[in-house]
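Colleague: My file is work-v9.txt. It has compact mmCIF, C-alpha atoms:
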# COMPACT_ATOMS: atom_id res chain seq x y z
CA MET A 7 -19.88 1.47 38.55
CA MET A 8 -18.22 -1.86 37.78
CA SER A 9 -16.88 -2.01 41.35
CA ASP A 10 -20.37 -1.45 42.80
CA THR A 11 -21.75 -4.26 40.65
CA ALA A 12 -19.00 -6.64 41.80
CA ASP A 13 -19.62 -5.73 45.45
CA LYS A 14 -23.34 -6.41 45.10
CA ALA A 15 -22.65 -9.76 43.46
CA ARG A 16 -20.31 -10.70 46.31
CA GLU A 17 -22.88 -9.72 48.93
CA TYR A 18 -25.56 -11.71 47.11
CA LEU A 19 -23.44 -14.87 46.97
CA GLN A 20 -22.37 -14.58 50.60
CA GLY A 21 -25.97 -14.13 51.69
CA MET A 22 -27.18 -17.09 49.64
CA LEU A 23 -24.47 -19.35 51.07
CA HIS A 24 -25.68 -18.68 54.60
CA MET A 25 -29.30 -19.49 53.81
CA GLN A 26 -30.95 -22.90 54.18
CA PRO A 27 -32.83 -24.03 51.06
CA SER A 28 -35.05 -26.41 53.03
CA ILE A 29 -36.68 -23.66 55.05
CA GLU A 30 -35.78 -20.45 53.15
CA ALA A 31 -36.46 -21.47 49.57
CA ASN A 32 -38.98 -18.71 48.96
CA GLU A 33 -36.66 -16.07 50.41
CA MET A 34 -33.79 -17.37 48.27
CA LEU A 35 -35.91 -17.17 45.12
CA SER A 36 -36.98 -13.65 46.02
CA ARG A 37 -33.38 -12.54 46.57
CA ARG A 38 -32.34 -14.14 43.31
CA ARG A 39 -35.03 -12.25 41.38
CA GLN A 40 -34.00 -8.98 43.04
CA PHE A 41 -30.34 -9.56 42.27
CA LEU A 42 -30.96 -10.39 38.62
CA ALA A 43 -33.20 -7.36 38.23
CA SER A 44 -30.57 -5.06 39.75
CA ARG A 45 -27.87 -6.62 37.58
CA GLU A 46 -29.89 -6.06 34.41
CA LEU A 47 -30.39 -2.46 35.49
CA ALA A 48 -26.67 -2.00 36.12
CA GLU A 49 -25.74 -3.51 32.76
CA GLY A 50 -28.29 -1.27 31.11
CA GLU A 51 -26.74 1.76 32.78
CA ILE A 52 -23.26 0.73 31.66
CA LEU A 53 -24.48 0.28 28.10
CA ALA A 54 -26.17 3.67 28.21
CA VAL A 55 -22.93 5.31 29.34
CA GLU A 56 -20.96 3.57 26.58
CA VAL A 57 -23.48 4.65 23.95
CA ALA A 58 -23.44 8.20 25.29
CA GLU A 59 -19.64 8.31 25.22
CA GLU A 60 -19.48 6.96 21.66
CA SER A 61 -22.09 9.44 20.49
CA SER A 62 -19.97 12.26 21.94
CA ARG A 63 -17.05 11.55 19.58
CA PRO A 64 -18.59 13.30 16.54
CA THR A 65 -19.32 16.30 18.75
CA MET A 66 -15.70 16.38 19.90
CA LEU A 67 -14.44 16.15 16.32
CA GLN A 68 -16.73 19.00 15.34
CA SER A 69 -15.39 21.05 18.25
CA LEU A 70 -11.86 20.49 16.95
CA ALA A 71 -12.94 21.54 13.46
CA ASP A 72 -14.51 24.71 14.85
CA ILE A 73 -11.36 25.52 16.81
CA ARG A 74 -9.21 25.06 13.70
CA LYS A 75 -11.36 27.49 11.73
CA GLN A 76 -11.03 30.23 14.37
CA PHE A 77 -7.72 29.18 15.89
CA TRP A 78 -5.89 32.46 15.35
CA THR A 79 -8.67 34.70 16.69
CA LEU A 80 -10.24 32.73 19.56
CA PRO A 81 -9.59 34.01 23.10
CA ALA A 82 -6.48 32.16 24.25
CA HIS A 83 -7.66 31.09 27.71
CA GLY A 84 -11.03 29.73 26.60
CA MET A 85 -9.47 27.83 23.71
CA TYR A 86 -6.81 26.40 26.00
CA GLN A 87 -9.39 25.11 28.48
CA GLN A 88 -11.46 23.52 25.73
CA LEU A 89 -8.43 21.84 24.19
CA LYS A 90 -7.33 20.54 27.60
CA GLN A 91 -10.68 18.80 27.97
CA LEU A 92 -10.50 17.35 24.47
CA ALA A 93 -6.94 16.16 25.08
CA ALA A 94 -8.29 13.95 27.87
CA ALA A 95 -10.89 12.33 25.60
CA PRO A 96 -10.97 8.50 25.47
CA TYR A 97 -10.61 8.57 21.68
CA PRO A 98 -7.01 8.55 20.37
CA ASP A 99 -7.77 10.64 17.29
CA VAL A 100 -9.50 13.34 19.32
CA ALA A 101 -6.85 13.38 22.05
CA THR A 102 -3.94 13.46 19.58
CA ALA A 103 -5.46 16.29 17.56
CA ALA A 104 -6.19 18.32 20.70
CA LYS A 105 -2.65 17.86 22.00
CA ARG A 106 -1.27 19.02 18.67
CA LEU A 107 -3.40 22.16 18.76
CA LEU A 108 -2.37 22.76 22.36
CA ALA A 109 1.27 22.68 21.27
CA VAL A 110 0.54 25.11 18.43
CA SER A 111 -1.38 27.40 20.79
CA THR A 112 1.79 27.99 22.79
CA GLN A 113 3.32 29.46 19.62
CA ARG A 114 0.39 31.60 18.56
CA ALA A 115 2.17 34.86 19.37
CA ALA A 116 5.26 33.65 17.53
CA PHE A 117 3.16 32.83 14.46
CA HIS A 118 1.69 36.34 14.52
CA GLN A 119 5.21 37.75 14.65
CA LEU A 120 6.33 35.45 11.85
CA ALA A 121 3.58 36.76 9.57
CA SER A 122 5.24 40.19 9.51
CA ASP A 123 8.85 39.01 9.49
CA GLN A 124 10.53 40.57 6.45
CA GLN A 125 13.15 37.82 6.33
CA VAL A 126 10.57 35.08 5.71
CA HIS A 127 8.63 34.88 2.46
CA PRO A 128 4.99 35.70 3.34
CA ALA A 129 3.66 32.77 1.29
CA PHE A 130 5.83 30.34 3.23
CA ALA A 131 4.78 31.85 6.56
CA GLN A 132 1.14 31.56 5.53
CA VAL A 133 1.35 27.93 4.48
CA LEU A 134 3.20 27.09 7.69
CA ARG A 135 0.29 28.54 9.69
CA LYS A 136 -2.15 26.40 7.73
CA ILE A 137 -0.12 23.24 8.18
CA ALA A 138 0.22 23.82 11.92
CA VAL A 139 -3.52 23.70 12.59
CA SER A 140 -4.68 21.37 9.81
CA THR A 141 -5.55 17.71 10.07
CA PRO A 142 -2.87 15.32 8.74
CA ALA A 143 -4.97 14.71 5.64
CA GLN A 144 -5.12 18.45 4.97
CA ALA A 145 -1.51 19.18 5.91
CA ASN A 146 0.27 16.53 3.83
CA PRO A 147 -0.70 17.97 0.41
CA LEU A 148 0.50 21.38 1.57
CA ARG A 149 3.84 19.92 2.61
CA GLU A 150 4.17 18.12 -0.71
CA GLN A 151 3.35 21.34 -2.55
CA GLN A 152 6.29 23.11 -0.92
CA LEU A 153 8.57 20.23 -1.81
CA GLY A 154 7.32 20.45 -5.39
CA PHE A 155 8.59 24.03 -5.64
CA LEU A 156 12.12 22.64 -5.24
CA ARG A 157 11.82 20.08 -8.02
CA PRO A 158 13.27 21.15 -11.38
CA ASN A 159 10.72 19.11 -13.33
CA LYS A 160 7.86 20.93 -11.58
CA ASN A 161 9.18 24.46 -11.15
CA PRO A 162 11.48 26.23 -13.64
CA HIS A 163 12.37 28.70 -10.87
CA TYR A 164 13.33 25.97 -8.40
CA GLN A 165 16.66 27.61 -7.54
CA ALA A 166 15.00 30.81 -6.36
CA ALA A 167 12.47 28.76 -4.41
CA GLN A 168 15.23 26.76 -2.76
CA THR A 169 17.05 29.93 -1.71
CA ALA A 170 13.88 31.45 -0.23
CA ILE A 171 12.81 28.29 1.60
CA GLN A 172 16.23 27.54 3.05
CA SER A 173 16.54 31.15 4.20
CA ALA A 174 13.13 30.94 5.88
CA ILE A 175 14.02 27.70 7.65
CA ARG A 176 17.28 29.15 8.95
CA ARG A 177 15.29 32.08 10.28
CA LEU A 178 12.88 29.71 12.02
CA MET A 179 15.75 27.84 13.65
CA ARG A 180 17.23 31.04 15.06
CA GLN A 181 14.23 33.21 15.89
CA TYR A 182 11.27 30.83 16.15
CA PRO A 183 12.55 27.54 17.62
CA GLY A 184 9.10 26.66 18.96
CA ILE A 185 7.54 26.87 15.51
CA TYR A 186 10.48 25.00 14.00
CA ALA A 187 10.02 22.19 16.54
CA LEU A 188 6.39 21.70 15.49
CA GLU A 189 7.42 20.72 11.96
CA GLN A 190 11.07 19.81 12.46
CA THR A 191 11.07 16.58 10.42
CA TRP A 192 9.42 18.14 7.39
CA LEU A 193 11.43 21.37 7.60
CA ASN A 194 14.66 19.39 7.74
CA GLU A 195 13.58 17.47 4.67
CA LEU A 196 12.98 20.73 2.83
CA TYR A 197 16.23 22.27 4.00
CA ASN A 198 18.37 19.28 3.03
CA TYR A 199 16.65 18.58 -0.27
CA ASP A 200 19.00 18.78 -3.25
CA PRO A 201 17.35 19.45 -6.65
CA GLN A 202 20.33 17.76 -8.27
CA TRP A 203 18.86 14.45 -7.12
CA ASP A 204 15.88 14.94 -9.43
CA ILE A 205 18.08 16.14 -12.29
CA GLU A 206 20.30 13.06 -12.07
CA ARG A 207 17.29 10.77 -11.77
CA ASP A 208 15.66 12.34 -14.83
CA ASP A 209 18.93 11.96 -16.76
CA ASP A 210 19.09 8.29 -15.81
CA VAL A 211 15.52 7.78 -17.00
CA ASN A 212 16.21 9.58 -20.27
CA ASN A 213 19.39 7.58 -20.87
CA PHE A 214 17.50 4.37 -20.22
CA ASP A 215 14.83 5.39 -22.73
CA VAL A 216 17.49 6.15 -25.36
CA ILE A 217 19.24 2.83 -24.81
CA SER A 218 15.95 0.97 -24.92
CA GLY A 219 15.08 2.68 -28.19
CA LEU A 220 18.43 1.77 -29.75
CA ILE A 221 18.02 -1.85 -28.70
CA VAL A 222 14.60 -1.97 -30.31
CA LEU A 223 15.96 -0.47 -33.54
CA ALA A 224 18.79 -2.99 -33.57
CA VAL A 225 16.53 -5.96 -32.96
CA LEU A 226 13.85 -5.09 -35.51
CA PRO A 227 15.91 -6.00 -38.63
CA ILE A 228 16.92 -9.32 -37.06
CA CYS A 229 13.32 -10.14 -36.27
CA GLY A 230 12.36 -9.25 -39.82
CA PHE A 231 15.05 -11.51 -41.27
CA VAL A 232 13.98 -14.41 -39.04
CA ALA A 233 10.37 -13.98 -40.09
CA TRP A 234 11.40 -13.90 -43.79
CA ALA A 235 13.48 -17.06 -43.36
CA ILE A 236 10.59 -18.91 -41.74
CA LEU A 237 8.14 -17.93 -44.44
CA PHE A 238 10.42 -18.75 -47.36
Once you've parsed the file, please lay out its structure as C-alpha cells.
Modeller:
Amino acid sequence: MMSDTADKAREYLQGMLHMQPSIEANEMLSRRRQFLASRELAEGEILAVEVAEESSRPTMLQSLADIRKQFWTLPAHGMYQQLKQLAAAPYPDVATAAKRLLAVSTQRAAFHQLASDQQVHPAFAQVLRKIAVSTPAQANPLREQQLGFLRPNKNPHYQAAQTAIQSAIRRLMRQYPGIYALEQTWLNELYNYDPQWDIERDDDVNNFDVISGLIVLAVLPICGFVAWAILF
C-alpha cells in the first residue's frame, strides 16, 4: 500500500512538471485536488489497517490463553496450525509465547509418558507440565516453589526432596531430553543446588547477630558511665 501511494505521488509530480501554468492552471488545480483527496483516502486506509491490527492483539492473547487451558487435549494438528499463525504475529509477546508453545507441542507425547513414569515423582512431573505451558509470570512462582523444597529453612524434609528432584532430573536427561531442553537452565539450577549453602549462610547470620548482641551488652555500661559523668 505504501508503494502504491509513492507511485501515485511520483506520477502526480511528473504530470504537474509537464503542464504549463499559464494555460493549464484550472487543470493543474483539478489534478491537485484529486491527488490530495486520494492521498487522504490512502492515509485513512493505512490508519484503519493499523487500528485493526492493534485491536487484534487482545484477540491473539486470548487465543493463547485458550490454547494453554486445553493444551494437553486439543487436536495436535489444529493446535499446531493455530500456533504457527500466532508465531508470525507482529507483536513480540504474542509471537514469543506461540513459539514457546510450539516447542512444547513437539514434546506432548513425551509429557504424557512422563506422567506415568514410576521413576519420576508424580508431583514433579505435574508441576513441570504446568510450567511448560504457563506464562512467565505464572511459571516463575512454580519454579521458585520447587527450589524452596530444597531449602532447609523452608522444608524440614529438604534432603528427601533433593534426592527425589535430582533423581527426576537425571531421568529427564536420559529419557526425555526434549523436555529437559525446554527448562534446561532452571533444571540445572535445581540439580546443582546445595542446601549447605543456606545452612552456612544462616549460621553466618546467626553468628553476626550473636556478636552484635555482645557488642551492645559491652557498650551499654560504658554509655551509662559516660552519662553519669556528664550529669554529675
Colleague: Around the point (6.0, 26.2, 17.2) (coordinates from the file), which residues reach within 10 Å if we count all atoms listed in the file? Answer as number ranges by chain.
Modeller: A: 109-117, 134-135, 138, 178, 182-190
Colleague: Report as a ChimeraX atom specification all protein, DNA and RNA residues lying within 9 Å of range 143-158 of chain A, evaluated on only C-alpha atoms, omitting residues in the same chain fewer than 5 positions from it.
Modeller: /A:130,133-134,136-138,163-168,171,192,195-196,199-202,204-205
Colleague: Enter the distance from CA of Arg63 in chain A to CA of Leu80 in chain A, in Å, rounded to one decimal.
Modeller: 22.2 Å
Colleague: Just to confirm, what's the straight-line distance from CA of Asp72 in chain A to CA of Ala121 in chain A in Å (one decimal)?
Modeller: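 Those two atoms sit 22.4 Å apart.
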Colleague: In Å, rounded to a single decimal, give me how far CA of Ser140 in chain A is from CA of Gln87 in chain A.
Modeller: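 CA of Ser140 in chain A lies at a distance of 19.6 Å from CA of Gln87 in chain A.
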Colleague: Give me the residues near Leu89 in chain A as a VMD selection string, where near means some atom within 9 Å (using only C-alpha atoms) and where sequence neighbours in that chain fewer than 2 positions away do not count.
Modeller: chain A and resid 70 73 84 to 87 91 to 94 101 104 to 105 107 to 108
Colleague: Write out the residues from the selection above, keeping C-alpha atoms, as a CSV table (one decimal), in the frame of the given file.
Modeller:
chain,number,residue,atom,x,y,z
A,70,LEU,CA,-11.9,20.5,17.0
A,73,ILE,CA,-11.4,25.5,16.8
A,84,GLY,CA,-11.0,29.7,26.6
A,85,MET,CA,-9.5,27.8,23.7
A,86,TYR,CA,-6.8,26.4,26.0
A,87,GLN,CA,-9.4,25.1,28.5
A,91,GLN,CA,-10.7,18.8,28.0
A,92,LEU,CA,-10.5,17.4,24.5
A,93,ALA,CA,-6.9,16.2,25.1
A,94,ALA,CA,-8.3,14.0,27.9
A,101,ALA,CA,-6.8,13.4,22.0
A,104,ALA,CA,-6.2,18.3,20.7
A,105,LYS,CA,-2.6,17.9,22.0
A,107,LEU,CA,-3.4,22.2,18.8
A,108,LEU,CA,-2.4,22.8,22.4
Colleague: Using all atoms listed in the file, find the one residue out of A:Gln125, A:Val139, A:Arg106, A:Arg37 that sits nearest to Ala71 in chain A.
Modeller: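 Smallest separation from Ala71 in chain A among the options: A:Val139.
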Colleague: Identify which of the residues A:Ala82, A:Pro96, A:Ser173, A:Lys160 lies closest to His127 in chain A, counting all atoms listed in the file when measuring atom-to-atom distances.
Modeller: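 Comparing A:Ala82, A:Pro96, A:Ser173, A:Lys160 against His127 in chain A, the winner is A:Ser173.
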